[in-house]
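Student: Coordinates in model-v1.tsv, TSV, C-alpha atoms, are listed below.
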chain	number	residue	atom	x	y	z
H	1	MET	CA	0.00	0.00	0.00
H	2	LYS	CA	1.22	3.51	-0.79
H	3	LYS	CA	2.50	5.61	2.09
H	4	GLU	CA	-0.09	8.37	1.43
H	5	GLU	CA	-2.93	5.85	1.55
H	6	LEU	CA	-1.61	4.37	4.78
H	7	ILE	CA	-1.32	7.79	6.40
H	8	ALA	CA	-4.87	8.62	5.28
H	9	SER	CA	-6.23	5.39	6.85
H	10	LEU	CA	-4.26	6.01	10.00
H	11	LYS	CA	-5.59	9.56	10.20
H	12	LYS	CA	-9.14	8.24	10.05
H	13	ILE	CA	-8.38	5.70	12.81
H	14	VAL	CA	-6.86	8.17	15.29
H	15	LYS	CA	-9.47	10.91	14.73
H	16	PRO	CA	-11.89	9.88	17.53
H	17	TYR	CA	-9.10	9.85	20.12
H	18	ILE	CA	-7.10	13.01	19.39
H	19	GLN	CA	-7.12	15.98	21.78
H	20	ASP	CA	-5.17	18.44	19.64
H	21	GLU	CA	-6.93	19.54	16.45
H	22	VAL	CA	-4.02	21.58	15.06
H	23	ALA	CA	-1.57	18.69	15.38
H	24	PHE	CA	-4.21	16.43	13.81
H	25	GLU	CA	-4.68	18.75	10.81
H	26	ASN	CA	-0.91	18.82	10.31
H	27	LEU	CA	-0.47	15.08	10.84
H	28	SER	CA	2.70	13.78	9.19
H	29	GLU	CA	5.13	10.89	9.61
H	30	ASP	CA	6.79	12.84	12.42
H	31	THR	CA	3.60	13.13	14.46
H	32	ASP	CA	3.73	11.52	17.90
H	33	PHE	CA	0.46	9.97	19.11
H	34	ILE	CA	0.87	11.05	22.72
H	35	ASN	CA	3.09	14.16	22.66
H	36	ASP	CA	1.48	15.78	19.59
H	37	LEU	CA	-2.03	14.39	19.22
H	38	LYS	CA	-2.45	14.12	23.03
H	39	ILE	CA	-4.10	10.73	22.74
H	40	ASN	CA	-4.72	9.18	26.18
H	41	SER	CA	-2.52	6.17	26.69
H	42	ALA	CA	-5.63	4.06	27.37
H	43	ASN	CA	-6.96	5.11	23.97
H	44	LEU	CA	-3.66	4.14	22.36
H	45	VAL	CA	-4.80	0.57	22.96
H	46	ASP	CA	-7.92	1.38	20.93
H	47	VAL	CA	-5.78	2.82	18.13
H	48	ILE	CA	-3.78	-0.43	18.04
H	49	LEU	CA	-6.93	-2.58	18.01
H	50	ASP	CA	-8.45	-0.40	15.27
H	51	VAL	CA	-5.27	-0.74	13.19
H	52	GLU	CA	-5.42	-4.53	13.62
H	53	ASP	CA	-9.05	-4.55	12.47
H	54	GLU	CA	-8.55	-2.15	9.57
H	55	PHE	CA	-5.57	-4.01	8.09
H	56	ASN	CA	-6.46	-7.46	9.33
H	57	ILE	CA	-3.09	-7.90	11.04
H	58	GLU	CA	-1.96	-8.83	14.54
H	59	ILE	CA	0.35	-6.46	16.35
H	60	ASP	CA	2.36	-8.41	18.91
H	61	ASN	CA	3.58	-6.78	22.13
H	62	GLU	CA	7.10	-6.35	20.84
H	63	SER	CA	5.88	-4.30	17.85
H	64	MET	CA	3.36	-2.43	19.97
H	65	GLU	CA	6.16	-1.31	22.26
H	66	LYS	CA	7.46	1.07	19.56
H	67	MET	CA	4.11	2.23	18.22
H	68	LEU	CA	4.23	5.78	19.55
H	69	SER	CA	4.40	7.75	16.30
H	70	VAL	CA	2.92	7.74	12.81
H	71	ARG	CA	6.33	6.78	11.42
H	72	ALA	CA	6.65	3.77	13.74
H	73	ALA	CA	3.05	2.71	13.00
H	74	LEU	CA	3.73	2.80	9.22
H	75	VAL	CA	6.79	0.57	9.62
H	76	ILE	CA	4.84	-1.92	11.76
H	77	ILE	CA	1.80	-2.01	9.44
H	78	ASN	CA	4.02	-2.52	6.37
H	79	THR	CA	6.02	-5.25	8.07
H	80	LYS	CA	2.89	-7.10	9.18
H	81	LEU	CA	1.23	-6.71	5.75
H	82	GLY	CA	4.41	-8.06	4.15
H	83	GLU	CA	4.27	-11.14	6.37
H	84	LYS	CA	0.80	-12.05	5.18
W	1	MET	CA	11.60	8.44	41.18
W	2	ILE	CA	7.88	8.96	41.44
W	3	GLY	CA	4.94	8.67	39.08
W	4	ASN	CA	1.22	9.19	39.36
W	5	ASP	CA	-1.88	8.56	37.29
W	6	ILE	CA	-5.47	9.61	37.58
W	7	VAL	CA	-8.55	8.03	36.03
W	8	ASP	CA	-11.83	9.92	35.81
W	9	LEU	CA	-14.20	6.96	35.99
W	10	HIS	CA	-17.10	8.70	34.29
W	11	TYR	CA	-14.82	9.81	31.47
W	12	ALA	CA	-13.26	6.34	31.17
W	13	TYR	CA	-16.77	4.90	30.94
W	14	GLN	CA	-17.53	7.21	28.02
W	15	GLN	CA	-14.18	7.13	26.24
W	16	SER	CA	-12.96	3.56	26.59
W	17	ASN	CA	-14.70	0.25	26.14
W	18	TRP	CA	-12.79	-2.26	28.26
W	19	GLN	CA	-15.16	-5.00	27.15
W	20	ARG	CA	-14.06	-4.56	23.59
W	21	ASP	CA	-12.70	-7.69	21.95
W	22	ARG	CA	-8.96	-8.21	22.73
W	23	PHE	CA	-8.75	-5.07	24.88
W	24	LEU	CA	-7.96	-6.85	28.17
W	25	ASP	CA	-5.60	-9.22	26.43
W	26	LYS	CA	-3.48	-6.37	25.08
W	27	ILE	CA	-3.04	-4.79	28.51
W	28	PHE	CA	-3.25	-7.38	31.25
W	29	THR	CA	-1.33	-10.55	32.11
W	30	GLN	CA	-3.22	-13.79	32.77
W	31	GLU	CA	-2.86	-13.21	36.50
W	32	GLU	CA	-4.32	-9.71	36.24
W	33	GLN	CA	-7.16	-10.94	34.05
W	34	CYS	CA	-7.98	-13.47	36.80
W	35	LEU	CA	-8.11	-10.65	39.36
W	36	ILE	CA	-10.54	-8.78	37.11
W	37	ALA	CA	-12.67	-11.87	36.45
W	38	LYS	CA	-12.99	-12.58	40.19
W	39	THR	CA	-14.39	-9.19	41.26
W	40	SER	CA	-17.94	-7.94	41.03
W	41	ASN	CA	-16.88	-4.47	39.88
W	42	LYS	CA	-14.76	-5.38	36.89
W	43	PHE	CA	-14.83	-1.89	35.41
W	44	GLU	CA	-13.26	-0.41	38.54
W	45	LYS	CA	-10.62	-3.15	38.79
W	46	VAL	CA	-9.59	-2.61	35.16
W	47	TRP	CA	-8.95	1.07	35.83
W	48	LEU	CA	-7.27	0.46	39.19
W	49	LEU	CA	-4.75	-1.89	37.56
W	50	TRP	CA	-4.36	0.49	34.63
W	51	SER	CA	-3.54	3.42	36.94
W	52	MET	CA	-0.98	1.24	38.77
W	53	LYS	CA	0.74	0.38	35.48
W	54	GLU	CA	0.64	3.91	34.17
W	55	SER	CA	2.01	5.50	37.37
W	56	ALA	CA	4.81	2.91	37.65
W	57	TYR	CA	5.70	3.45	33.98
W	58	LYS	CA	6.06	7.18	34.65
W	59	ALA	CA	8.44	6.51	37.55
W	60	TYR	CA	10.37	4.00	35.42
W	61	VAL	CA	10.96	6.36	32.46
W	62	GLN	CA	12.36	8.97	34.81
W	63	LYS	CA	15.12	6.51	35.58
W	64	TYR	CA	15.44	5.07	32.06
W	65	PRO	CA	14.33	7.81	29.66
W	66	ASN	CA	13.27	5.62	26.75
W	67	ARG	CA	9.57	5.64	25.97
W	68	PHE	CA	7.73	2.43	25.13
W	69	PHE	CA	4.17	1.18	25.04
W	70	ASN	CA	3.76	-2.30	26.41
W	71	PRO	CA	1.27	-2.35	29.30
W	72	LYS	CA	1.32	-6.13	29.57
W	73	MET	CA	5.01	-6.09	30.45
W	74	LEU	CA	4.22	-4.04	33.58
W	75	GLN	CA	3.03	-6.66	36.05
W	76	CYS	CA	0.76	-5.75	38.93
W	77	LYS	CA	0.27	-7.35	42.31
W	78	LEU	CA	-2.34	-6.16	44.79
W	79	PHE	CA	-1.65	-6.58	48.51
W	80	THR	CA	-4.72	-4.70	49.75
W	81	SER	CA	-7.45	-2.78	47.95
W	82	CYS	CA	-5.14	0.25	47.80
W	83	LYS	CA	-1.58	-1.04	48.13
W	84	GLY	CA	0.25	-2.90	45.43
W	85	GLN	CA	3.41	-3.41	43.45
W	86	VAL	CA	4.33	-3.19	39.78
W	87	SER	CA	7.34	-4.98	38.29
W	88	ILE	CA	8.96	-3.53	35.18
W	89	LYS	CA	11.93	-5.37	33.68
W	90	GLY	CA	13.05	-6.62	37.07
W	91	GLU	CA	12.47	-3.34	38.95
W	92	GLN	CA	9.80	-3.07	41.61
W	93	PHE	CA	7.59	-0.08	42.27
W	94	GLY	CA	5.30	0.24	45.26
W	95	THR	CA	1.86	1.75	44.56
W	96	GLN	CA	-0.70	3.52	46.71
W	97	THR	CA	-4.16	4.24	45.41
W	98	LYS	CA	-6.88	6.58	46.59
W	99	ARG	CA	-10.28	6.06	45.11
W	100	ASN	CA	-13.93	6.83	45.35
W	101	LYS	CA	-16.90	6.42	43.02
W	102	LYS	CA	-15.68	9.15	40.71
W	103	VAL	CA	-11.94	8.82	40.55
W	104	ILE	CA	-8.91	6.56	40.96
W	105	HIS	CA	-5.55	8.12	41.77
W	106	THR	CA	-2.38	6.03	42.10
W	107	ILE	CA	1.14	7.05	42.99
W	108	ALA	CA	4.12	4.76	42.34
W	109	PHE	CA	7.63	5.01	43.72
W	110	SER	CA	10.80	2.96	43.42
W	111	GLN	CA	11.25	0.45	46.20
W	112	GLU	CA	14.36	2.04	47.68
W	113	GLU	CA	12.53	5.35	48.04
W	114	ASN	CA	12.09	6.43	51.65
W	115	ARG	CA	11.11	10.05	51.16
W	116	GLN	CA	7.49	10.90	51.81
W	117	PRO	CA	5.51	11.78	48.68
W	118	ILE	CA	3.20	14.79	48.64
W	119	SER	CA	0.21	14.37	46.37
W	120	GLU	CA	-3.11	15.99	45.64
W	121	TYR	CA	-5.94	15.47	43.20
W	122	PHE	CA	-8.61	17.99	42.26
W	123	ASP	CA	-11.65	18.65	40.06
W	124	LEU	CA	-11.26	20.56	36.83
W	125	ALA	CA	-13.88	22.89	35.33
W	126	ASN	CA	-14.02	20.87	32.10
W	127	SER	CA	-12.15	18.15	30.25
W	128	SER	CA	-10.51	20.20	27.49
W	129	TYR	CA	-6.85	19.31	27.14
W	130	PRO	CA	-5.43	22.87	27.41
W	131	LEU	CA	-7.41	23.50	30.59
W	132	GLN	CA	-6.42	20.13	32.10
W	133	GLN	CA	-2.76	20.86	31.46
W	134	THR	CA	-2.73	24.52	32.54
W	135	GLU	CA	-4.69	23.91	35.72
W	136	THR	CA	-2.70	20.82	36.73
W	137	ARG	CA	0.58	22.68	36.21
W	138	ARG	CA	-0.71	25.70	38.13
W	139	LYS	CA	-1.74	23.61	41.15
W	140	PHE	CA	1.55	21.71	41.08
W	141	LYS	CA	3.62	24.91	40.96
W	142	LEU	CA	1.77	26.31	43.98
W	143	ASN	CA	2.89	23.32	46.01
W	144	ALA	CA	6.37	23.22	44.47
W	145	GLU	CA	6.74	26.85	45.58
W	146	LYS	CA	6.38	25.71	49.20
W	147	VAL	CA	8.71	22.73	48.83
W	148	LEU	CA	11.47	24.63	47.00
W	149	ASN	CA	10.90	28.08	48.43
W	150	ILE	CA	10.91	29.55	44.92
W	151	PRO	CA	7.94	31.67	43.76
W	152	ALA	CA	5.50	29.74	41.53
W	153	GLU	CA	5.67	32.41	38.80
W	154	SER	CA	9.35	31.75	38.24
W	155	LEU	CA	8.93	27.98	37.93
W	156	HIS	CA	8.74	26.62	34.39
W	157	ILE	CA	7.94	23.13	33.21
W	158	VAL	CA	9.64	21.79	30.12
W	159	LYS	CA	9.05	18.31	28.77
W	160	SER	CA	12.13	16.32	27.84
W	161	LYS	CA	12.38	14.35	24.59
W	162	ALA	CA	11.23	11.29	26.48
W	163	GLY	CA	8.10	13.21	27.52
W	164	ILE	CA	9.19	13.65	31.13
W	165	PRO	CA	8.34	17.04	32.64
W	166	GLN	CA	11.24	18.86	34.25
W	167	LEU	CA	11.25	21.94	36.38
W	168	PHE	CA	13.35	25.02	35.64
W	169	THR	CA	13.88	28.42	37.21
W	170	ASN	CA	15.72	31.19	35.35
W	171	GLY	CA	16.99	28.64	32.87
W	172	ASN	CA	18.42	26.36	35.57
W	173	SER	CA	17.17	22.84	35.97
W	174	LEU	CA	15.82	22.00	39.44
W	175	ASN	CA	16.37	18.59	40.88
W	176	LEU	CA	12.84	17.73	41.96
W	177	SER	CA	11.19	14.39	41.39
W	178	PHE	CA	7.54	14.93	40.48
W	179	SER	CA	4.81	13.72	38.20
W	180	LEU	CA	1.70	15.28	36.67
W	181	THR	CA	-1.48	13.61	35.43
W	182	HIS	CA	-4.91	14.57	34.17
W	183	HIS	CA	-7.87	12.73	32.75
W	184	GLY	CA	-11.38	13.97	32.07
W	185	ARG	CA	-12.38	16.39	34.80
W	186	PHE	CA	-9.62	15.49	37.26
W	187	GLY	CA	-6.01	16.47	37.61
W	188	ALA	CA	-3.31	15.45	40.10
W	189	TYR	CA	0.37	15.70	40.89
W	190	CYS	CA	2.86	14.18	43.25
W	191	ILE	CA	6.21	15.43	44.52
W	192	LEU	CA	9.04	13.77	46.39
W	193	GLU	CA	10.43	16.10	48.99
W	194	SER	CA	14.21	16.34	48.66
Render the structure in this file as structure tokens.
Tutor:
Amino acid sequence: MKKEELIASLKKIVKPYIQDEVAFENLSEDTDFINDLKINSANLVDVILDVEDEFNIEIDNESMEKMLSVRAALVIINTKLGEK
Amino acid sequence: MIGNDIVDLHYAYQQSNWQRDRFLDKIFTQEEQCLIAKTSNKFEKVWLLWSMKESAYKAYVQKYPNRFFNPKMLQCKLFTSCKGQVSIKGEQFGTQTKRNKKVIHTIAFSQEENRQPISEYFDLANSSYPLQQTETRRKFKLNAEKVLNIPAESLHIVKSKAGIPQLFTNGNSLNLSFSLTHHGRFGAYCILES
């Protein structure tokens, strides 16, 4: 999947949980889920579950450990999609 | 090292669905899931254990400033309804929780810590993020003023790359172990007196 498409899907997934509209509007690979979008850490679990559902992948704990930014999420999603 | 975490139970009820498929499995060990299964108020137990993990994580990253997200790796034990322990990569953190029907507030400290923590939680006028942050910082600075004997207006909080808040005055870093938290319509802080 193209990077732009992935970012667009990810943007749709995080939307219900963000607490900073400006950072959300300017979402890029460098965006941090917690520091920039101010997503509650409890809701980060929802983001991970939503990503699993959307892409039909399983994110193991080791991968989840790094999933704090858009960039890290893209790497994980691509890796898991590649394994399918 | 000290960390704290607050959960606004009404807000958690609205914003998070703990009964969602795979939710518990992503966060809690088998042992913790048994603790949840055994109690009548599962919702409250989920958020009690969550606040223990989150507060211990905050204390842990002060010591090892590398962020990670792996709640299942933080393992909780409960000794009483309000006292517990969280193990993170071989390090133990003691936890103390205050709770009522509206809120759960946990503080966590490294085991070798013998200083007495000061902590406080409070209501916020609304749950908007800027207000939560401003008000929590303001309340914390008022207490830090007493502890450090430095006026609150000259205390500044800067977050490090690892997301850890640090206190400065006139550009100089102050060596104070503290932690801030807010969720929904509640905020809290804790400070270790030097």
Student: Kindly indicate which residue among H:Met67, H:Ala23, H:Ile18, H:Met1 lies nearest to chain W, using only C-alpha atoms for the distances.
Tutor: H:Met67
Student: Would you kindly report the residues of chain W within 9 Å of chain H, using all atoms listed in the file, as a ChimeraX atom specification?
Tutor: /W:12,15-17,20-23,26-27,50,54,67-73,128-130,163,183
Student: Need the shell around H:Leu81: protein/DNA/RNA residues with any atom at most 8 Å away, counting only C-alpha atoms. Skip same-chain ones fewer than 3 positions apart. Format as a JSON list (two decimals) with C-alpha atoms, in the frame of the given file?
Tutor:
[["chain", "number", "residue", "atom", "x", "y", "z"],
["H", 55, "PHE", "CA", -5.57, -4.01, 8.09],
["H", 57, "ILE", "CA", -3.09, -7.90, 11.04],
["H", 77, "ILE", "CA", 1.80, -2.01, 9.44],
["H", 78, "ASN", "CA", 4.02, -2.52, 6.37],
["H", 84, "LYS", "CA", 0.80, -12.05, 5.18]]
Student: What does the distance between atom CA of W:Ser160 and atom CA of W:Tyr11 come to in Å, to one decimal place?
Tutor: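 Distance between the two atoms: 28.0 Å.
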Student: Check the smallest atom-to-atom distance from each of W:Ser173, W:Asn114, W:Ser81, W:Thr39 to W:Lys159 using only C-alpha atoms, then report the winner.
Tutor: W:Ser173
Student: Might you pull out every residue within 12 Å of H:Ile7, with all atoms listed in the file counted and same-chain residues fewer than 4 positions away left off, and present them as a list in words?
Tutor: Met1, Lys2, Lys3, Lys11, Lys12, Ile13, Val14, Phe24, Asn26, Leu27, Ser28, Glu29, Asp30, Thr31, Val51, Ser69, Val70, Arg71, Ala72, Ala73, Leu74, Val75, Ile77 and Asn78 of chain H
Student: Would you pick out the contacts of W:Ser110 at 6 Å or less, using only C-alpha atoms, so that residues sharing its chain but fewer than 2 positions from it are not included, and give the list as a list in words?
Tutor: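 What passes the distance filter is Met1, Phe93, Glu112 and Glu113 of chain W.
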Student: Can you tell me how far atom CA of W:Gly187 sits from atom CA of W:Thr80, in Å to one decimal?
Tutor: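 Rounded to one decimal, the two atoms are 24.4 Å apart.
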Student: May I ask which of the residues W:Cys190, W:Cys76, W:Leu131, W:Ala108 is the closest one to W:Ala144, counting all atoms listed in the file?
Tutor: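 Selected residue with least distance to W:Ala144: W:Cys190.
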Student: Expressed in Å to a single decimal, how great is the separation between atom CA of W:Leu35 and atom CA of W:Tyr60?
Tutor: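 These two atoms are separated by 23.9 Å.
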Student: Please list as number ranges by chain every residue within 8 Å of W:Tyr57, counting all atoms listed in the file and excluding residues in the same chain fewer than 3 positions away.
Tutor: W: 3, 53-54, 60-61, 74, 88
Student: Let's have the selection written as a PDB file, keeping the file's coordinate frame, with C-alpha atoms.
Tutor:
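Below is the file selection.pdb, written as the result:
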ATOM      1  CA  GLY W   3       4.940   8.670  39.080  1.00  0.00           C
ATOM      2  CA  LYS W  53       0.740   0.380  35.480  1.00  0.00           C
ATOM      3  CA  GLU W  54       0.640   3.910  34.170  1.00  0.00           C
ATOM      4  CA  TYR W  60      10.370   4.000  35.420  1.00  0.00           C
ATOM      5  CA  VAL W  61      10.960   6.360  32.460  1.00  0.00           C
ATOM      6  CA  LEU W  74       4.220  -4.040  33.580  1.00  0.00           C
ATOM      7  CA  ILE W  88       8.960  -3.530  35.180  1.00  0.00           C
TER       8      ILE W  88
END
Student: Please fill the gaps in stretch 131-154 of chain W so it has N, CA, C and O atoms, and write that as a PDB file, in the coordinates of the input.
Tutor:
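Listing of out-v7.pdb after writing:
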ATOM      1  N   LEU W 131      -7.046  23.158  29.203  1.00  0.00           N
ATOM      2  CA  LEU W 131      -7.410  23.500  30.590  1.00  0.00           C
ATOM      3  C   LEU W 131      -6.845  22.465  31.561  1.00  0.00           C
ATOM      4  O   LEU W 131      -6.277  22.824  32.599  1.00  0.00           O
ATOM      5  N   GLN W 132      -6.965  21.195  31.233  1.00  0.00           N
ATOM      6  CA  GLN W 132      -6.420  20.130  32.100  1.00  0.00           C
ATOM      7  C   GLN W 132      -4.952  20.409  32.387  1.00  0.00           C
ATOM      8  O   GLN W 132      -4.503  20.361  33.527  1.00  0.00           O
ATOM      9  N   GLN W 133      -4.209  20.704  31.314  1.00  0.00           N
ATOM     10  CA  GLN W 133      -2.760  20.860  31.460  1.00  0.00           C
ATOM     11  C   GLN W 133      -2.408  22.133  32.260  1.00  0.00           C
ATOM     12  O   GLN W 133      -1.612  22.077  33.195  1.00  0.00           O
ATOM     13  N   THR W 134      -3.041  23.253  31.872  1.00  0.00           N
ATOM     14  CA  THR W 134      -2.730  24.520  32.540  1.00  0.00           C
ATOM     15  C   THR W 134      -3.048  24.456  34.029  1.00  0.00           C
ATOM     16  O   THR W 134      -2.259  24.863  34.876  1.00  0.00           O
ATOM     17  N   GLU W 135      -4.223  23.933  34.333  1.00  0.00           N
ATOM     18  CA  GLU W 135      -4.690  23.910  35.720  1.00  0.00           C
ATOM     19  C   GLU W 135      -3.848  22.926  36.566  1.00  0.00           C
ATOM     20  O   GLU W 135      -3.511  23.232  37.709  1.00  0.00           O
ATOM     21  N   THR W 136      -3.512  21.793  35.992  1.00  0.00           N
ATOM     22  CA  THR W 136      -2.700  20.820  36.730  1.00  0.00           C
ATOM     23  C   THR W 136      -1.313  21.398  37.009  1.00  0.00           C
ATOM     24  O   THR W 136      -0.790  21.281  38.121  1.00  0.00           O
ATOM     25  N   ARG W 137      -0.744  22.066  36.015  1.00  0.00           N
ATOM     26  CA  ARG W 137       0.580  22.680  36.210  1.00  0.00           C
ATOM     27  C   ARG W 137       0.515  23.806  37.237  1.00  0.00           C
ATOM     28  O   ARG W 137       1.421  23.963  38.042  1.00  0.00           O
ATOM     29  N   ARG W 138      -0.571  24.573  37.182  1.00  0.00           N
ATOM     30  CA  ARG W 138      -0.710  25.700  38.130  1.00  0.00           C
ATOM     31  C   ARG W 138      -0.770  25.181  39.571  1.00  0.00           C
ATOM     32  O   ARG W 138      -0.063  25.673  40.456  1.00  0.00           O
ATOM     33  N   LYS W 139      -1.594  24.158  39.797  1.00  0.00           N
ATOM     34  CA  LYS W 139      -1.740  23.610  41.150  1.00  0.00           C
ATOM     35  C   LYS W 139      -0.415  23.007  41.632  1.00  0.00           C
ATOM     36  O   LYS W 139      -0.037  23.140  42.791  1.00  0.00           O
ATOM     37  N   PHE W 140       0.272  22.316  40.723  1.00  0.00           N
ATOM     38  CA  PHE W 140       1.550  21.710  41.080  1.00  0.00           C
ATOM     39  C   PHE W 140       2.563  22.784  41.478  1.00  0.00           C
ATOM     40  O   PHE W 140       3.249  22.667  42.500  1.00  0.00           O
ATOM     41  N   LYS W 141       2.628  23.860  40.686  1.00  0.00           N
ATOM     42  CA  LYS W 141       3.620  24.910  40.960  1.00  0.00           C
ATOM     43  C   LYS W 141       3.364  25.575  42.310  1.00  0.00           C
ATOM     44  O   LYS W 141       4.306  25.953  43.001  1.00  0.00           O
ATOM     45  N   LEU W 142       2.089  25.704  42.682  1.00  0.00           N
ATOM     46  CA  LEU W 142       1.770  26.310  43.980  1.00  0.00           C
ATOM     47  C   LEU W 142       2.349  25.479  45.116  1.00  0.00           C
ATOM     48  O   LEU W 142       2.837  26.019  46.112  1.00  0.00           O
ATOM     49  N   ASN W 143       2.317  24.166  44.961  1.00  0.00           N
ATOM     50  CA  ASN W 143       2.890  23.320  46.010  1.00  0.00           C
ATOM     51  C   ASN W 143       4.407  23.260  45.911  1.00  0.00           C
ATOM     52  O   ASN W 143       5.106  23.251  46.926  1.00  0.00           O
ATOM     53  N   ALA W 144       4.920  23.250  44.671  1.00  0.00           N
ATOM     54  CA  ALA W 144       6.370  23.220  44.470  1.00  0.00           C
ATOM     55  C   ALA W 144       7.002  24.489  45.062  1.00  0.00           C
ATOM     56  O   ALA W 144       8.117  24.458  45.593  1.00  0.00           O
ATOM     57  N   GLU W 145       6.264  25.586  45.003  1.00  0.00           N
ATOM     58  CA  GLU W 145       6.740  26.850  45.580  1.00  0.00           C
ATOM     59  C   GLU W 145       7.066  26.664  47.063  1.00  0.00           C
ATOM     60  O   GLU W 145       8.111  27.096  47.550  1.00  0.00           O
ATOM     61  N   LYS W 146       6.170  25.944  47.763  1.00  0.00           N
ATOM     62  CA  LYS W 146       6.380  25.710  49.200  1.00  0.00           C
ATOM     63  C   LYS W 146       7.562  24.780  49.437  1.00  0.00           C
ATOM     64  O   LYS W 146       8.372  25.002  50.326  1.00  0.00           O
ATOM     65  N   VAL W 147       7.654  23.727  48.635  1.00  0.00           N
ATOM     66  CA  VAL W 147       8.710  22.730  48.830  1.00  0.00           C
ATOM     67  C   VAL W 147      10.082  23.333  48.537  1.00  0.00           C
ATOM     68  O   VAL W 147      11.047  23.104  49.266  1.00  0.00           O
ATOM     69  N   LEU W 148      10.164  24.130  47.464  1.00  0.00           N
ATOM     70  CA  LEU W 148      11.470  24.630  47.000  1.00  0.00           C
ATOM     71  C   LEU W 148      11.792  26.026  47.514  1.00  0.00           C
ATOM     72  O   LEU W 148      12.925  26.490  47.382  1.00  0.00           O
ATOM     73  N   ASN W 149      10.744  26.696  48.020  1.00  0.00           N
ATOM     74  CA  ASN W 149      10.900  28.080  48.430  1.00  0.00           C
ATOM     75  C   ASN W 149      11.320  28.985  47.261  1.00  0.00           C
ATOM     76  O   ASN W 149      12.173  29.849  47.381  1.00  0.00           O
ATOM     77  N   ILE W 150      10.705  28.729  46.129  1.00  0.00           N
ATOM     78  CA  ILE W 150      10.910  29.550  44.920  1.00  0.00           C
ATOM     79  C   ILE W 150       9.515  29.951  44.447  1.00  0.00           C
ATOM     80  O   ILE W 150       8.623  29.099  44.391  1.00  0.00           O
ATOM     81  N   PRO W 151       9.295  31.251  44.157  1.00  0.00           N
ATOM     82  CA  PRO W 151       7.940  31.670  43.760  1.00  0.00           C
ATOM     83  C   PRO W 151       7.407  30.908  42.538  1.00  0.00           C
ATOM     84  O   PRO W 151       8.153  30.680  41.583  1.00  0.00           O
ATOM     85  N   ALA W 152       6.129  30.535  42.598  1.00  0.00           N
ATOM     86  CA  ALA W 152       5.500  29.740  41.530  1.00  0.00           C
ATOM     87  C   ALA W 152       5.658  30.394  40.161  1.00  0.00           C
ATOM     88  O   ALA W 152       5.852  29.713  39.157  1.00  0.00           O
ATOM     89  N   GLU W 153       5.595  31.763  40.127  1.00  0.00           N
ATOM     90  CA  GLU W 153       5.670  32.410  38.800  1.00  0.00           C
ATOM     91  C   GLU W 153       7.022  32.228  38.134  1.00  0.00           C
ATOM     92  O   GLU W 153       7.125  32.341  36.922  1.00  0.00           O
ATOM     93  N   SER W 154       8.064  31.930  38.907  1.00  0.00           N
ATOM     94  CA  SER W 154       9.350  31.750  38.240  1.00  0.00           C
ATOM     95  C   SER W 154       9.708  30.276  38.029  1.00  0.00           C
ATOM     96  O   SER W 154      10.827  29.925  37.699  1.00  0.00           O
TER      97      SER W 154
END
